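Student: Below you'll find the structure I mean.
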Amino acid sequence: MKNVFLKLVSVGVLSTLLLAGCGQQSSPANPAGGQKTKIEYWHVNAETLGGKTIEELVKQFNAQNSDVEVVARYNPDMYKGLMQNLQAEVATGKSPAVVQIGWAFLDYFSNNFTYVEPQKLVDSFDQGDKTFLQDKFLPNVLGLAKNSKGSQVGIPYSLSTPVLYINRDLLRQAGLAENGPKTWEELVVFANTVKEKTGKYGLYIQEPADYWAQQALLESNGARMMTNGKASFASEEGIKAFEAYADMVLKTKSALHISWGEGVQSFVDGNVAMLYTTIAQRANVQKGAKFDVAAISSPAWQGKQPRLPAGGCFLAVTAKSEAEQKAAWKFVKFLYSIESMAAWTKGTGYVPPRKDVADAENGLKSFLAENKMMAAATSQMAGVVPWTSFPGDAGLQAEQMLLDSRDRILSGGISAREGLVQTQTKINELLK
Amino acid sequence: MSGNALLAYGFILPSLLVFAVFMFYPLLYTVYLSFFEWNMIKPVKAFVGWGNYIALLQDPLTYVVLKNTFAYIVILLLLNCAAPYILAFILSFVIRRGRDFYKSAFFLPSVISLVVGSILYLWILNPISGPVAIIAKFFGITIPVWSKTQGLVIGVLSIITTWKVFGYNFIVLFGGITGVPQEVIEAAKIDNVPLHRIFLDIVLPMSSATGVYIFIMTIVQGLQYVFTPIKVVTQGGPDNASSNAIYNVYQEGFTLYHTGYASAFAIVTMVLFVVLLLAEFKYVEKGIYYEN
Amino acid sequence: MKEIVFENVSKAYGKTTVIEHLNLTIRPGERLILLGASGCGKSTTLRMIAGLEQITAGNLYMNGQRINDLASGERNVSMVFQNYALYPHMTVADNIVYGLKIQKLPKEEIGQRLQAAVDMLELNGLEGRKPRDLSGGQRQRVALARAVVKRSDVLLLDEPLSNLDAQLRVHARKELVKIHQTYRQTFVYVTHDQVEAMTVGNRIALLHEGQLQMLDTPANVYNRPANVFTARFIGSPSTNILAAHYADRALHIGRQAVRLPEFWSAFLGQKGCRDFYLGIRPEHIRLERDRTDNVFSGTVKYIEEYGNRCGIYLDIEDNELVAIGDKADAWPGKRVSFAIDAAKLHVFDKQTKENIGYPEVYNEPVYQYKSL
Amino acid sequence: MRIDREAQWHILLGGALLLSLLPIAFAIANSFKELSEAYNNVFSLIPEHPTIGNYLLVFSRLPLGQITANTFMVALAATVFKTVTSALAAYAFVYFDFRGKNVLYFILISTIFIPFTVTMIPNYLTISQLGFRNNIIGVILPQLSDATGIFLIRQAMRTIPRSLIEAARIEQAGHLKILASIVLPLIRPAVVSTGIMFFINSWNEYVWPVLILKDKVNYTLPLALQLFISSEGGTDFTIAMAVSVITMIIPLVLYLIFQRYIISTFTSSGVKG
């Protein structure tokens, strides 16, 4: 009997050793002495979205600073995925130092997580540069990262706006102006004409798991997603705009109702004439398209001003200890230097949130001159508004309701009017 | 307790330890969480009693999700249980040539990751410009936008899952069917029994032990496998039309951070599965033909 | 009743040929035995009739119709498998009538046939049992019942008794003949057991390495073996085959010689035959107590006890020879003389190993013992 | 006509086979294309301008050796541990009689029915508290609580006649000895096929490692894929295909080499209820 137990134990020990053996090599190498502060920077930048640039920036920063070591961590599934990981991380009592927060999560983040306001960081660690924020950022841009209670949660970092990519070959083939439509009304005509003349689709508006592009559509017609903390998108203007969109999908079948990846793919391989999506897709579109492709600024509705929700993210500092906060600020400030910002824009296609990057010689001057597509985004910064993030813990669910209603309307399950009104009522009930 | 019993527990102990830490404890903890309103990070968990369960029963979405779950079960059973069963039968008793080749080839995709499969199929099945659409167009057929079509989306996601799961189920069923002696089939052939009757009257009952295993696995694991394509391809859309019980728990727990509610939903899902388990015990352990 | 004709039928698996140019006619209503050692192709032949094996070349006819490509189910044959192939999950009754149900026969008809089969095969009271609850003999009878209820023209039996113990086998043999006499179907019966073949068959087709060796009645197969193989295969102990030489009216085996009777010498002389194989059944060798002239002699090697008689193994000129005799006459090491029954000699061509025939006088049955 | 009938089956089977194998060919073909060709001629299985650029990029951006090694270790550790513990437990359930045996078996097997989402949140917390986050041990541990192995191996063991075990007991053989030298060799196909299944599943595990692993050096192969997939920046399809091919190449090659053995193992393991 004893013999058996001995063997049993040895089996156990063996398997433990095996597991331990696996673990050893993955333990991180310790820095060679010194009081290095190690902080984590969480981002969402996949290889196709500037992942390489992040790596280079971090490497550069670590080389320049002997007292701080930044570890960059990629989070899959965009800002939602990062939020999931952050949620789980914080649940175990830990926290990264710097995180990218998607605009849609502004309120959820500020309600549920501990962060340090940037001005406080400046006051504590950067006495010499007290007016850094006011000097380097436009107030409307800085305002994007203010939550509904007025707290400055972080500093805008990745800024994207929706632009209209056009397949000029297809437009010409349909006998349309090759420089694309100026207004949404024109765009509707364009789309329908393409459908009639070429049999291909006229338009695809991105439909990811957020309402970003649809917000641009509605608000550019004078509607507002939210007024005084209440959903208000089902105004006449909002309904009119969505009806026009739904009609293209359902009646003239000139616009596509399809998932984002499929939609972009269909534009790039020449089956759709116009693609309304983020400027962050520029590299992908440019690399893939074999036709005469261009990007133009977001249209507005006739006689209205375009209102374009800012996409991308802001940087928030979630470091806990003072040492970490100090290190975090040092890193954040590095990221906002003209050179870093320029590298960031080149690597990602995002629009720089800082004032003087575009014109600076060490900034983006030559890059913008060469990349005409970027102009579509940089030239429409005046129309940038915050991406609506519904307040309170139910905010995320409210967003989900919008997505569900979008699907329902575009599949013809409900009219645009009814769908928007219903959803607005439900969201307002939820937000009470 | 006798020495033998002690020894028996000694044999089970390694399994039991892992199960205790990574299965039973989390299960109890999830049950516990299901009585609270919490989002994983709030310092205080608010006790709501049966609140989450009541909310769940009152939410129309629950029924949408359960209906979808049921639809998945039906489709997966057809594609991943019935179809490989029939294929295994054809290979075992109907065709004479190429058996080994088919066996190897049909098993092949099952060694590949489902994430890879999902991404592949997203392109292949692109209703506007994917290869399938191009072929269909050649024949004058327009592929519906499945990823945004209620009902259809479940079918397509199931097909993606099938690509991965089919091979394993097929080979296991094949193993079960080869337990049926060739002579029995020949006896039936001599009696002019049509193929479908041979399958239904003879092969199915004689391989039912394997069949029930695959049947149960198709339901239980199939629904979990579908999770990956749902997450990669549709995120539960359009309008929750592709969400199932498993995905909905993830959605509630990790996207909307309704941890308590998600826990309650998970428990309800599990109860549904356990009902299936009882059915398994009732039928697998009794009334099934064993070779021995 | 149907006639089954194999016309130049060959069967090969890839490069291995199992049946080579088989020509065989099975007469309607007869009990034909396909006999041979395992691997000789007898089961394959049977399975070709059943349609379970495809025919590689040649034609198979049933009642004049070519059935090479006809599916099993359309041939109206029934079959009893060696391992019975009962449906393990069905009751005895269901097993028996499953095929009838598939044919959608009327209920009453099915009931009648079931009852008849159950009665005939003494399966009363077992109808509700599952095969695993039956003894081997019972299973065998269920398999038979299943085959006979179909009332097909041809009943194929693939070693149906090989899984039974010796006593049951004797009983079952009789039962099979009884069934045949009741239904008068054409029986095609595969076995490797010569006793079964002799007792059950009207005719025996002996196969060896895919080739038909002989096709005749059991008596002829025994008494007039067509070739060395047949002579050796049939009978136990096996027929002695010895290289022999004919010269000067005498039969020479090694250095020993014995004079041949006139009709044999005339016959061999007429055939111009000098070197050949001699076939002598052990029961046709007689040990001689007193006679020493004109007989062969050899040394007893060992003795096999059969109870009533024994097998005496002799060494003659480095050939082994077995004779059936009386133990009292021999013990190992003893030098003995023996005579060979001239009327029961078989002579085979040295090259072709075919039987060269018999002198005219033996064409009439010879009952009298005539020693050389 | 039987021959024609068989040909019809082959056409049907061939079609089904094509459906299941084409995606793999499709992935391989597109991984050697430039993005613009993939977009415009997704169809062709032979790239017009073959390029290994996608692979070079992947190799330059990822510590692929490390990632592959990680994947291997995760899969191997999980497979070995699960197979050993399952065999031990199954043996106890088949050859011992002890109080609570059926209840315990029932409870363990019931866990097959627990969706992973039920245990996900608490397990995440456990792994973090144990300090195994961002560590492949954290990926391995929760996988180990899998009862399918116990089920499959127990079913196989039940087909061994009890008399064999009794004969060995008479020879004074210990239970571990019996397990190792009699039981396991007899049910080798079932054990090996269970192990292969464990390996494949673990190799392709995706949802859990996404939660646990943070650094590229700790990634497993399926995670590497999502580095090249971004909804916002677009998915570089050809690169994604290159990573896909890298992810599947090892199981695929292993399978092709050992297919005869694997298939015969699976078919002869026969899950006998």
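Numbering starts fresh at 1 for the residues of each chain in the structure tokens, the chains themselves are lettered A, B, ... in the order given, and ligands are numbered from 1 as they appear.
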Quick one: everything within 10 Å of Tyr222 in chain C, counting only C-alpha atoms, minus sequence neighbours fewer than 3 positions away in the same chain. Send it as a ChimeraX atom specification.
Tutor: /C:198,216-219,225-226,230-235,281
Student: Write to file, as an mmCIF file, in the first residue's frame, the residues of the selection just made, with all heavy atoms.
Tutor:
```
data_model
loop_
_atom_site.group_PDB
_atom_site.id
_atom_site.type_symbol
_atom_site.label_atom_id
_atom_site.label_comp_id
_atom_site.auth_asym_id
_atom_site.auth_seq_id
_atom_site.Cartn_x
_atom_site.Cartn_y
_atom_site.Cartn_z
ATOM 1 N N MET C 198 -19.602 -34.235 -47.047
ATOM 2 C CA MET C 198 -20.060 -35.548 -47.495
ATOM 3 C C MET C 198 -21.483 -35.813 -47.044
ATOM 4 O O MET C 198 -22.284 -36.378 -47.785
ATOM 5 C CB MET C 198 -19.151 -36.651 -46.908
ATOM 6 C CG MET C 198 -17.695 -36.516 -47.242
ATOM 7 S SD MET C 198 -17.365 -36.737 -48.979
ATOM 8 C CE MET C 198 -16.656 -38.335 -48.984
ATOM 9 N N ASP C 216 -18.319 -33.027 -58.069
ATOM 10 C CA ASP C 216 -18.998 -34.324 -58.258
ATOM 11 C C ASP C 216 -19.724 -34.716 -56.980
ATOM 12 O O ASP C 216 -19.675 -33.998 -55.977
ATOM 13 C CB ASP C 216 -17.974 -35.401 -58.648
ATOM 14 C CG ASP C 216 -18.592 -36.412 -59.622
ATOM 15 O OD1 ASP C 216 -19.781 -36.720 -59.466
ATOM 16 O OD2 ASP C 216 -17.850 -36.874 -60.515
ATOM 17 N N THR C 217 -20.323 -35.882 -57.014
ATOM 18 C CA THR C 217 -21.038 -36.361 -55.834
ATOM 19 C C THR C 217 -20.031 -36.722 -54.750
ATOM 20 O O THR C 217 -18.860 -36.988 -55.056
ATOM 21 C CB THR C 217 -21.840 -37.616 -56.180
ATOM 22 O OG1 THR C 217 -20.906 -38.600 -56.627
ATOM 23 C CG2 THR C 217 -22.867 -37.341 -57.255
ATOM 24 N N PRO C 218 -20.479 -36.759 -53.513
ATOM 25 C CA PRO C 218 -19.548 -37.111 -52.436
ATOM 26 C C PRO C 218 -18.875 -38.445 -52.691
ATOM 27 O O PRO C 218 -17.671 -38.578 -52.486
ATOM 28 C CB PRO C 218 -20.465 -37.182 -51.209
ATOM 29 C CG PRO C 218 -21.574 -36.254 -51.517
ATOM 30 C CD PRO C 218 -21.783 -36.326 -52.997
ATOM 31 N N ALA C 219 -19.613 -39.436 -53.187
ATOM 32 C CA ALA C 219 -19.026 -40.759 -53.412
ATOM 33 C C ALA C 219 -17.922 -40.680 -54.443
ATOM 34 O O ALA C 219 -16.837 -41.233 -54.254
ATOM 35 C CB ALA C 219 -20.105 -41.724 -53.870
ATOM 36 N N PRO C 225 -11.044 -39.456 -57.018
ATOM 37 C CA PRO C 225 -10.501 -38.092 -56.904
ATOM 38 C C PRO C 225 -9.878 -37.657 -58.226
ATOM 39 O O PRO C 225 -9.128 -38.423 -58.824
ATOM 40 C CB PRO C 225 -9.437 -38.197 -55.807
ATOM 41 C CG PRO C 225 -9.117 -39.645 -55.717
ATOM 42 C CD PRO C 225 -10.346 -40.392 -56.110
ATOM 43 N N ALA C 226 -10.198 -36.484 -58.636
ATOM 44 C CA ALA C 226 -9.776 -36.022 -59.952
ATOM 45 C C ALA C 226 -8.302 -35.693 -59.983
ATOM 46 O O ALA C 226 -7.688 -35.673 -61.034
ATOM 47 C CB ALA C 226 -10.586 -34.782 -60.349
ATOM 48 N N THR C 230 -7.391 -33.347 -54.538
ATOM 49 C CA THR C 230 -8.661 -33.880 -54.080
ATOM 50 C C THR C 230 -8.448 -35.148 -53.263
ATOM 51 O O THR C 230 -9.027 -35.332 -52.199
ATOM 52 C CB THR C 230 -9.564 -34.189 -55.289
ATOM 53 O OG1 THR C 230 -9.616 -33.044 -56.116
ATOM 54 C CG2 THR C 230 -10.957 -34.573 -54.852
ATOM 55 N N ALA C 231 -7.576 -36.007 -53.772
ATOM 56 C CA ALA C 231 -7.318 -37.258 -53.073
ATOM 57 C C ALA C 231 -6.805 -36.998 -51.670
ATOM 58 O O ALA C 231 -7.216 -37.626 -50.696
ATOM 59 C CB ALA C 231 -6.295 -38.067 -53.865
ATOM 60 N N ARG C 232 -5.946 -36.007 -51.573
ATOM 61 C CA ARG C 232 -5.369 -35.694 -50.274
ATOM 62 C C ARG C 232 -6.367 -35.029 -49.363
ATOM 63 O O ARG C 232 -6.384 -35.236 -48.161
ATOM 64 C CB ARG C 232 -4.194 -34.734 -50.472
ATOM 65 C CG ARG C 232 -2.902 -35.449 -50.679
ATOM 66 C CD ARG C 232 -1.786 -34.495 -50.276
ATOM 67 N NE ARG C 232 -0.561 -35.214 -50.103
ATOM 68 C CZ ARG C 232 0.590 -34.841 -50.677
ATOM 69 N NH1 ARG C 232 0.641 -33.778 -51.436
ATOM 70 N NH2 ARG C 232 1.668 -35.533 -50.448
ATOM 71 N N PHE C 233 -7.187 -34.131 -49.957
ATOM 72 C CA PHE C 233 -8.074 -33.312 -49.128
ATOM 73 C C PHE C 233 -9.168 -34.147 -48.494
ATOM 74 O O PHE C 233 -9.541 -33.959 -47.349
ATOM 75 C CB PHE C 233 -8.682 -32.190 -49.969
ATOM 76 C CG PHE C 233 -9.366 -31.151 -49.142
ATOM 77 C CD1 PHE C 233 -8.633 -30.091 -48.643
ATOM 78 C CD2 PHE C 233 -10.710 -31.264 -48.835
ATOM 79 C CE1 PHE C 233 -9.248 -29.144 -47.861
ATOM 80 C CE2 PHE C 233 -11.324 -30.317 -48.049
ATOM 81 C CZ PHE C 233 -10.595 -29.247 -47.560
ATOM 82 N N ILE C 234 -9.708 -35.070 -49.271
ATOM 83 C CA ILE C 234 -10.843 -35.846 -48.797
ATOM 84 C C ILE C 234 -10.345 -37.097 -48.082
ATOM 85 O O ILE C 234 -9.466 -37.790 -48.587
ATOM 86 C CB ILE C 234 -11.751 -36.263 -49.979
ATOM 87 C CG1 ILE C 234 -12.215 -35.027 -50.757
ATOM 88 C CG2 ILE C 234 -12.937 -37.088 -49.495
ATOM 89 C CD1 ILE C 234 -13.212 -34.172 -50.063
ATOM 90 N N GLY C 235 -10.949 -37.359 -46.961
ATOM 91 C CA GLY C 235 -10.584 -38.542 -46.206
ATOM 92 C C GLY C 235 -9.651 -38.230 -45.062
ATOM 93 O O GLY C 235 -8.849 -37.292 -45.153
ATOM 94 N N ARG C 281 -5.506 -44.797 -50.184
ATOM 95 C CA ARG C 281 -6.134 -44.393 -48.922
ATOM 96 C C ARG C 281 -5.650 -45.305 -47.796
ATOM 97 O O ARG C 281 -5.437 -46.488 -48.034
ATOM 98 C CB ARG C 281 -7.650 -44.466 -49.037
ATOM 99 C CG ARG C 281 -8.195 -43.418 -49.967
ATOM 100 C CD ARG C 281 -9.637 -43.083 -49.686
ATOM 101 N NE ARG C 281 -10.070 -42.071 -50.627
ATOM 102 C CZ ARG C 281 -9.895 -40.774 -50.422
ATOM 103 N NH1 ARG C 281 -9.319 -40.349 -49.314
ATOM 104 N NH2 ARG C 281 -10.307 -39.911 -51.305
#
```
Student: Just want the 10 Å neighbourhood of Val207 in chain D, counted on only C-alpha atoms, with same-chain residues fewer than 5 positions away dropped. Output as a PDB file with N, CA, C and O atoms, in the first residue's frame.
Tutor:
```pdb
ATOM      1  N   VAL B 115     -10.712  30.314 -34.310  1.00  0.00           N
ATOM      2  CA  VAL B 115     -10.526  31.741 -34.610  1.00  0.00           C
ATOM      3  C   VAL B 115     -10.078  31.882 -36.060  1.00  0.00           C
ATOM      4  O   VAL B 115     -10.580  32.720 -36.806  1.00  0.00           O
ATOM      5  N   PHE B 227     -19.377  30.103 -29.542  1.00  0.00           N
ATOM      6  CA  PHE B 227     -18.994  31.369 -28.927  1.00  0.00           C
ATOM      7  C   PHE B 227     -17.934  32.106 -29.744  1.00  0.00           C
ATOM      8  O   PHE B 227     -18.041  33.306 -29.972  1.00  0.00           O
ATOM      9  N   THR B 228     -16.917  31.372 -30.189  1.00  0.00           N
ATOM     10  CA  THR B 228     -15.811  32.036 -30.889  1.00  0.00           C
ATOM     11  C   THR B 228     -16.277  32.739 -32.167  1.00  0.00           C
ATOM     12  O   THR B 228     -16.019  33.931 -32.330  1.00  0.00           O
ATOM     13  N   LYS B 231     -18.275  35.795 -31.348  1.00  0.00           N
ATOM     14  CA  LYS B 231     -17.471  36.904 -30.851  1.00  0.00           C
ATOM     15  C   LYS B 231     -16.670  37.542 -31.982  1.00  0.00           C
ATOM     16  O   LYS B 231     -16.588  38.756 -32.088  1.00  0.00           O
TER      17      LYS B 231
ATOM     18  N   PHE D 116     -18.233  27.530 -19.804  1.00  0.00           N
ATOM     19  CA  PHE D 116     -17.032  28.189 -19.274  1.00  0.00           C
ATOM     20  C   PHE D 116     -17.310  29.572 -18.716  1.00  0.00           C
ATOM     21  O   PHE D 116     -16.583  30.065 -17.872  1.00  0.00           O
ATOM     22  N   MET D 120     -15.648  31.685 -15.375  1.00  0.00           N
ATOM     23  CA  MET D 120     -14.672  32.617 -15.936  1.00  0.00           C
ATOM     24  C   MET D 120     -14.257  33.714 -14.953  1.00  0.00           C
ATOM     25  O   MET D 120     -13.064  33.943 -14.728  1.00  0.00           O
ATOM     26  N   ILE D 212      -5.865  36.272 -20.057  1.00  0.00           N
ATOM     27  CA  ILE D 212      -4.758  36.080 -19.124  1.00  0.00           C
ATOM     28  C   ILE D 212      -3.439  36.664 -19.615  1.00  0.00           C
ATOM     29  O   ILE D 212      -2.691  37.267 -18.856  1.00  0.00           O
ATOM     30  N   PRO D 222      -2.789  31.288 -31.172  1.00  0.00           N
ATOM     31  CA  PRO D 222      -4.070  31.894 -31.570  1.00  0.00           C
ATOM     32  C   PRO D 222      -4.173  33.369 -31.166  1.00  0.00           C
ATOM     33  O   PRO D 222      -4.863  34.140 -31.819  1.00  0.00           O
ATOM     34  N   LEU D 223      -3.462  33.755 -30.106  1.00  0.00           N
ATOM     35  CA  LEU D 223      -3.504  35.159 -29.699  1.00  0.00           C
ATOM     36  C   LEU D 223      -2.745  36.033 -30.674  1.00  0.00           C
ATOM     37  O   LEU D 223      -3.103  37.189 -30.907  1.00  0.00           O
TER      38      LEU D 223
END
```
Student: Taking 2 positions as the minimum chain separation for residues in the same chain, which residues sit within 10 Å of Ile262 in chain D when counting only C-alpha atoms? Answer as a PyMOL selection string.
Tutor: (chain B and resi 104+107) or (chain D and resi 189+192-193+196+254-260+264-268)
Student: Find the residues of chain D in contact range of chain A, meaning any atom within 8 Å when counting only C-alpha atoms, and list them as an NGL selection string.
Tutor: :D and (35-40 or 61 or 73-74 or 77 or 81 or 124-125 or 128-129 or 135-137 or 174-176 or 210-211 or 214-215 or 217-218 or 226-236)
Student: Give the answer as one residue: which of D:Thr68, D:Ser202, D:Thr117, D:Ser163 has the shortest atom-to-atom distance to chain B, using only C-alpha atoms?
Tutor: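 That would be D:Thr117, the residue with the smallest distance to chain B.
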Student: Please identify which residues in range 170-270 of chain C DSSP calls strand (DSSP E) from the backbone, and express them as JSON, numbers by chain.
Tutor: {"C": [186, 187, 188, 189, 190, 191, 203, 204, 205, 206, 207, 208, 211, 212, 213, 214, 215, 216, 240, 241, 242, 243, 244, 245, 246, 247, 250, 251, 252, 253, 256, 257, 258, 259]}
Student: Write a file of the selected residues as a short mmCIF file (atom, residue, chain, number, x, y, z; two decimals), in the first residue's frame, keeping N, CA, C and O atoms.
Tutor:
```cif
data_model
loop_
_atom_site.label_atom_id
_atom_site.label_comp_id
_atom_site.auth_asym_id
_atom_site.auth_seq_id
_atom_site.Cartn_x
_atom_site.Cartn_y
_atom_site.Cartn_z
N THR C 186 -32.41 -24.13 -53.56
CA THR C 186 -31.04 -24.45 -53.93
C THR C 186 -30.16 -24.08 -52.74
O THR C 186 -30.21 -22.94 -52.26
N PHE C 187 -29.40 -25.05 -52.28
CA PHE C 187 -28.49 -24.78 -51.17
C PHE C 187 -27.09 -24.58 -51.73
O PHE C 187 -26.62 -25.43 -52.49
N VAL C 188 -26.47 -23.50 -51.32
CA VAL C 188 -25.04 -23.40 -51.60
C VAL C 188 -24.38 -23.26 -50.25
O VAL C 188 -24.70 -22.35 -49.49
N TYR C 189 -23.52 -24.19 -49.96
CA TYR C 189 -23.10 -24.39 -48.59
C TYR C 189 -21.59 -24.38 -48.53
O TYR C 189 -20.93 -25.21 -49.18
N VAL C 190 -21.04 -23.46 -47.79
CA VAL C 190 -19.58 -23.37 -47.70
C VAL C 190 -19.11 -24.06 -46.43
O VAL C 190 -19.66 -23.83 -45.36
N THR C 191 -18.13 -24.89 -46.57
CA THR C 191 -17.55 -25.50 -45.36
C THR C 191 -16.12 -25.92 -45.64
O THR C 191 -15.70 -26.06 -46.78
N ARG C 203 -23.76 -32.59 -54.18
CA ARG C 203 -22.53 -32.52 -54.94
C ARG C 203 -21.55 -31.66 -54.17
O ARG C 203 -21.93 -30.77 -53.40
N ILE C 204 -20.29 -31.92 -54.42
CA ILE C 204 -19.26 -31.14 -53.74
C ILE C 204 -18.41 -30.46 -54.80
O ILE C 204 -18.01 -31.09 -55.78
N ALA C 205 -18.18 -29.16 -54.59
CA ALA C 205 -17.23 -28.45 -55.45
C ALA C 205 -16.02 -28.17 -54.59
O ALA C 205 -16.09 -27.44 -53.61
N LEU C 206 -14.91 -28.78 -54.96
CA LEU C 206 -13.72 -28.62 -54.14
C LEU C 206 -12.84 -27.52 -54.75
O LEU C 206 -12.50 -27.57 -55.93
N LEU C 207 -12.51 -26.55 -53.90
CA LEU C 207 -11.72 -25.41 -54.38
C LEU C 207 -10.35 -25.41 -53.73
O LEU C 207 -10.20 -25.77 -52.57
N HIS C 208 -9.38 -25.00 -54.53
CA HIS C 208 -8.05 -24.83 -53.96
C HIS C 208 -7.38 -23.65 -54.67
O HIS C 208 -7.30 -23.61 -55.89
N GLN C 211 -9.12 -22.16 -57.53
CA GLN C 211 -9.44 -22.97 -58.70
C GLN C 211 -10.27 -24.17 -58.32
O GLN C 211 -10.04 -24.78 -57.27
N LEU C 212 -11.21 -24.48 -59.18
CA LEU C 212 -12.08 -25.61 -58.93
C LEU C 212 -11.29 -26.89 -59.19
O LEU C 212 -10.75 -27.10 -60.28
N GLN C 213 -11.21 -27.75 -58.19
CA GLN C 213 -10.45 -28.97 -58.34
C GLN C 213 -11.33 -30.11 -58.85
O GLN C 213 -10.91 -30.92 -59.67
N MET C 214 -12.52 -30.15 -58.32
CA MET C 214 -13.39 -31.25 -58.69
C MET C 214 -14.81 -30.88 -58.35
O MET C 214 -15.06 -30.18 -57.38
N LEU C 215 -15.73 -31.34 -59.17
CA LEU C 215 -17.13 -31.09 -58.90
C LEU C 215 -17.88 -32.40 -59.15
O LEU C 215 -17.98 -32.86 -60.29
N ASP C 216 -18.32 -33.03 -58.07
CA ASP C 216 -19.00 -34.32 -58.26
C ASP C 216 -19.72 -34.72 -56.98
O ASP C 216 -19.67 -34.00 -55.98
N ASN C 240 -2.50 -41.40 -48.96
CA ASN C 240 -1.05 -41.42 -49.14
C ASN C 240 -0.72 -41.18 -50.59
O ASN C 240 -1.31 -41.77 -51.48
N ILE C 241 0.19 -40.26 -50.81
CA ILE C 241 0.64 -40.01 -52.18
C ILE C 241 2.12 -40.37 -52.25
O ILE C 241 2.93 -39.83 -51.50
N LEU C 242 2.46 -41.26 -53.12
CA LEU C 242 3.85 -41.73 -53.22
C LEU C 242 4.33 -41.62 -54.66
O LEU C 242 3.58 -41.91 -55.59
N ALA C 243 5.58 -41.17 -54.81
CA ALA C 243 6.16 -41.19 -56.15
C ALA C 243 6.45 -42.63 -56.51
O ALA C 243 7.07 -43.35 -55.73
N ALA C 244 5.96 -43.06 -57.64
CA ALA C 244 6.14 -44.46 -58.00
C ALA C 244 6.60 -44.59 -59.45
O ALA C 244 6.51 -43.64 -60.22
N HIS C 245 7.08 -45.76 -59.76
CA HIS C 245 7.64 -45.99 -61.08
C HIS C 245 7.11 -47.33 -61.59
O HIS C 245 7.02 -48.30 -60.86
N TYR C 246 6.74 -47.34 -62.85
CA TYR C 246 6.23 -48.59 -63.41
C TYR C 246 7.24 -49.13 -64.42
O TYR C 246 7.64 -48.43 -65.34
N ALA C 247 7.63 -50.36 -64.18
CA ALA C 247 8.55 -51.01 -65.12
C ALA C 247 8.44 -52.51 -64.97
O ALA C 247 8.26 -53.00 -63.84
N ALA C 250 5.87 -54.24 -63.03
CA ALA C 250 5.92 -54.12 -61.57
C ALA C 250 5.85 -52.65 -61.16
O ALA C 250 6.24 -51.75 -61.90
N LEU C 251 5.35 -52.47 -59.95
CA LEU C 251 5.26 -51.13 -59.38
C LEU C 251 6.45 -50.94 -58.46
O LEU C 251 6.65 -51.70 -57.52
N HIS C 252 7.25 -49.91 -58.76
CA HIS C 252 8.44 -49.67 -57.95
C HIS C 252 8.24 -48.46 -57.06
O HIS C 252 7.86 -47.40 -57.53
N ILE C 253 8.50 -48.69 -55.79
CA ILE C 253 8.59 -47.54 -54.88
C ILE C 253 9.97 -47.62 -54.27
O ILE C 253 10.28 -48.53 -53.52
N GLN C 256 11.95 -50.96 -53.68
CA GLN C 256 11.01 -52.08 -53.57
C GLN C 256 10.12 -52.15 -54.80
O GLN C 256 9.75 -51.12 -55.36
N ALA C 257 9.79 -53.34 -55.17
CA ALA C 257 8.92 -53.52 -56.33
C ALA C 257 7.90 -54.59 -56.04
O ALA C 257 8.18 -55.56 -55.32
N VAL C 258 6.70 -54.41 -56.63
CA VAL C 258 5.63 -55.38 -56.46
C VAL C 258 4.96 -55.55 -57.80
O VAL C 258 4.75 -54.56 -58.51
N ARG C 259 4.64 -56.75 -58.15
CA ARG C 259 4.01 -56.97 -59.44
C ARG C 259 2.61 -56.43 -59.47
O ARG C 259 1.85 -56.55 -58.52
#
```
Student: Residues of chain B within 8 Å of chain C, counting only C-alpha atoms, what are they? List them as a PyMOL selection string.
Tutor: chain B and resi 181+183-184+186-193+202+205-206+289
Student: Set the distance at 12 Å and use only C-alpha atoms: which residues neighbour Ile86 in chain B once local chain neighbours fewer than 5 positions away are removed? I'd like the list as a list of chain:residue names.
Tutor: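 Listed by chain and then number, they are B:Leu78, B:Leu79, B:Asn80, B:Cys81, B:Leu91, B:Ser92, B:Phe93, B:Val94, B:Phe166, B:Asn169, B:Phe170, B:Ile171, B:Leu173, B:Phe174, B:Ile177, B:Leu195, B:His196, B:Ile198, B:Phe199, B:Leu200, B:Val203, B:Leu204, B:Gly211, D:Leu13.
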